[in-house]
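The structure appears right after this line, and notes come after that.
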Amino acid sequence: MELSEEPGIGERIARLRARRKLTQEALAERAGLCVDIVRKLEQGVRRTARLTTLNALARALDVEPSALVGQPATFEGRTEGEQPSVLALRQAVAPVSDLLGDDPDPEDPPGIAALRASLRSTERIRRDGRMAEIGALLPQLIRDAKAAARATTGAEAAAAHSVLAEAYQVAATTLTALGKEDAAFTALERSMSAAAQGDDPHLETVGFSSLAWALTKQGRLADAERVALSAAERIEPGFRSPPLELALWGILLLRAATAAVRLERRDTVRDLLAMASAAAAGIGTDRLDYATPFGPTNVGVARVNFLVEMEDSAEALRTARTVPELQTLPPTWRARFHVDRALALADLHKDDGALQALLTAERTAPEWMRYHSTSRRLVADLRHRERRRTSPLTELADRLDLDG
């Protein structure tokens, strides 16, 4: 599969604007932006833009942000083993057999222990950013968990529903990463239904966290903030709450803050970050629950991300140097941290430093980099600014399959 950045952001904006019969001035007014930003993006003078800008343009053009950034829409092929397939994942999440009432799979489903082991393995692969493996393994895990839920009763059925709920959540985040936000929403609806029949009372909270993230990626920022804050209010912990509950509450606050920063509501971001920091301090160490980290390190990484999105690049770099115990985070979280450092360095026109940060991110989670739209846009922008025909940056762009 070839992952290409062509057409670029500017060309996509221009095409959608023309389709809606808008002038550059009218689009800028709808988006609440300076017309010079629209003009420079369409002319290719600017090759990238802040996420707040992209969300504003997406809303004005009535599309999802993924339609502007050109993120990969399918899995990379594998040289051996089962090939990943978006269609197979869609079919597992929303099979026609559910509507037709077909007979279930005649084979005996795996036992609960085997299902849980498969789920944990899939979550490890996801944290490493190995997208193709997720695409190959996840459809069968969903089918197996559904079959087990149908074939069992009592405690076994409840356990199978809990595995199914988490598998649907992994499907939702995977589909969102591929720009399939509507399919992700379906997966999350099914996750909530399965969680209601499961034996884990925390899965509904985790589902709302995943939903807030998917809505943010879809550009539905106010909805994302509302979902995260409503869920956080329902589980707000007390002084003696166990660490797991503090962690889930803190994760929801960070989800809400991610939406708020893209709505350019800085005071809200600061308040939410302060509460999340207090939760992390109450735990005192970094945890990993339901494939999502939370603790002092992840809050520090989030703070850097928010500063980058608010274009406070110098402060972002100063803060990045204070983030503790980075190695406690999963590879994809660490890689995103280095991409944020690269964004800040590029904003300060320290392109060599930005390249080194990107190379660190690639070493940390190489396959994830090929699917991460922000990383790809930044590499394309840096390459446009560089005059050399061959360089480590050009080689990185080739590894990401960027054209031009």
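In the structure tokens, each chain is lettered A, B, ... as it comes, each chain's residues begin at 1, and ligands are numbered from 1 in order of appearance.
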
Non-local contacts of Thr268 of chain A (12 Å; only C-alpha atoms; under 2 positions in same chain excluded) as a PyMOL selection string:
chain A and resi 225+229+253-254+256-266+270-275+306

Using only C-alpha atoms, determine which residues lie at most 7 Å from segment 197-212 of chain A, disregarding the query and same-chain residues fewer than 4 positions distant; provide the list as a ChimeraX atom specification.
/A:158-159,161-162,169,188,191-193,216,224-225,227-228,231,252,255

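If you count only C-alpha atoms and ignore residues fewer than 5 places along the chain from segment 97-102 of chain A, what sits within 12 Å of it is A:Gln91, A:Ala92, A:Arg143, A:Lys146.
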
Got time to write the residues from that selection, C-alpha atoms, as a short mmCIF file (atom, residue, chain, number, x, y, z; two decimals), in the first residue's frame?
data_model
loop_
_atom_site.label_atom_id
_atom_site.label_comp_id
_atom_site.auth_asym_id
_atom_site.auth_seq_id
_atom_site.Cartn_x
_atom_site.Cartn_y
_atom_site.Cartn_z
CA GLN A 91 -17.71 -6.78 9.06
CA ALA A 92 -16.72 -7.92 12.54
CA ARG A 143 -16.10 -12.82 16.54
CA LYS A 146 -19.38 -12.65 20.54
#

Can you list, as an MDAnalysis selection string, every residue of segment 181-303 of chain A that DSSP puts in strand (DSSP E)?
chainID A and resid 287:289 292:294

Please produce a file of the residues just selected, as a compact mmCIF listing (two decimals), in the first residue's frame, where the atoms kept are N, CA and C atoms.
# COMPACT_ATOMS: atom_id res chain seq x y z
N ARG A 287 0.48 4.42 36.16
CA ARG A 287 -0.30 3.20 36.03
C ARG A 287 -0.64 2.97 34.56
N LEU A 288 -1.04 1.74 34.27
CA LEU A 288 -1.55 1.39 32.95
C LEU A 288 -2.82 0.59 33.14
N ASP A 289 -3.95 1.22 32.89
CA ASP A 289 -5.25 0.58 33.07
C ASP A 289 -6.02 0.64 31.76
N THR A 292 -4.41 2.27 28.77
CA THR A 292 -4.19 3.72 28.79
C THR A 292 -3.38 4.09 30.03
N PRO A 293 -2.27 4.81 29.86
CA PRO A 293 -1.46 5.20 31.02
C PRO A 293 -2.02 6.43 31.71
N PHE A 294 -1.76 6.51 33.00
CA PHE A 294 -2.06 7.74 33.74
C PHE A 294 -1.16 7.81 34.96

From the list A:Arg226, A:Leu137, A:Leu355, A:Gly282, which residue is nearest Leu244 of chain A when using only C-alpha atoms?
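Distance minimum relative to Leu244 of chain A lands on A:Gly282.
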
Write down as a ChimeraX atom specification the residues of segment 117-316 of chain A whose backbone DSSP state falls under alpha helix (DSSP H).
/A:117-128,131-151,154-177,181-196,203-217,221-234,243-262,266-283,296-309,313-316

Sorted by chain and rising residue number, list the residues of segment 259-360 of chain A at most 8 Å from segment 375-390 of chain A (counting only C-alpha atoms), each with its closest atom pair and distance in Å to one decimal, as CSV.
residue,atom,partner,partner_atom,distance
A:Val339,CA,A:Ser375,CA,6.5
A:Leu343,CA,A:Leu378,CA,7.2
A:Ala346,CA,A:Leu382,CA,7.8
A:Asp351,CA,A:Leu382,CA,7.0
A:Leu358,CA,A:Ser375,CA,7.7

With C-alpha atoms retained, could you export that selection as a CSV table (one decimal), in the first residue's frame?
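again_14.csv, freshly written:
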chain,number,residue,atom,x,y,z
A,339,VAL,CA,6.6,14.5,17.8
A,343,LEU,CA,6.5,20.5,16.4
A,346,ALA,CA,10.1,23.4,14.1
A,351,ASP,CA,14.7,22.3,12.0
A,358,LEU,CA,11.2,12.9,14.7

List the spatial neighbours of segment 127-135 of chain A as a PyMOL selection string - criterion: any atom at most 7 Å away, only C-alpha atoms, same-chain residues fewer than 2 positions off excluded.
chain A and resi 75-76+84-85+89+122-125+137-138+330-332+365+367-368

Give me, please, the distance in Å between atom CA of Ala149 of chain A and atom CA of Thr173 of chain A, quoted to one decimal.
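Interatomic distance here is 22.4 Å.
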
Report the distance between atom CA of Leu317 of chain A and atom CA of Thr364 of chain A in Å, rounded to one decimal place.
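According to the coordinates, atom CA of Leu317 of chain A and atom CA of Thr364 of chain A are separated by 19.2 Å.
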
In Å, rounded to a single decimal, give me how far atom CA of Leu68 of chain A is from atom CA of Ile9 of chain A.
5.6 Å

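Excluding Ala14 of chain A itself and any same-chain residue fewer than 6 positions from it, the protein and nucleic acid residues within 12 Å of it, counting only C-alpha atoms, are Pro7, Gly8, Arg20, Lys21, Leu22, Thr23, Gln24, Leu27, Val38, Arg39, Lys40, Leu41, Glu42, Gln43, Gly44, Leu57, Leu61 and Leu68 of chain A.
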
Could you save the residues just selected, with C-alpha atoms, as an mmCIF file, in the first residue's frame?
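Output contents, as saved in selection-v3.cif:
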data_model
loop_
_atom_site.group_PDB
_atom_site.id
_atom_site.type_symbol
_atom_site.label_atom_id
_atom_site.label_comp_id
_atom_site.auth_asym_id
_atom_site.auth_seq_id
_atom_site.Cartn_x
_atom_site.Cartn_y
_atom_site.Cartn_z
ATOM 1 C CA PRO A 7 -3.090 16.082 -2.796
ATOM 2 C CA GLY A 8 -1.887 18.329 0.008
ATOM 3 C CA ARG A 20 -19.389 24.620 -1.621
ATOM 4 C CA LYS A 21 -19.145 27.729 -3.821
ATOM 5 C CA LEU A 22 -17.282 29.719 -1.180
ATOM 6 C CA THR A 23 -14.683 32.397 -1.737
ATOM 7 C CA GLN A 24 -11.531 32.349 0.357
ATOM 8 C CA LEU A 27 -14.485 30.390 4.125
ATOM 9 C CA VAL A 38 -6.652 30.221 3.938
ATOM 10 C CA ARG A 39 -4.793 31.876 1.072
ATOM 11 C CA LYS A 40 -1.367 30.653 2.167
ATOM 12 C CA LEU A 41 -2.600 27.100 2.753
ATOM 13 C CA GLU A 42 -4.228 26.925 -0.679
ATOM 14 C CA GLN A 43 -1.160 28.409 -2.371
ATOM 15 C CA GLY A 44 1.135 25.940 -0.656
ATOM 16 C CA LEU A 57 -11.752 24.780 8.603
ATOM 17 C CA LEU A 61 -16.435 23.015 5.154
ATOM 18 C CA LEU A 68 -8.232 17.695 5.205
#
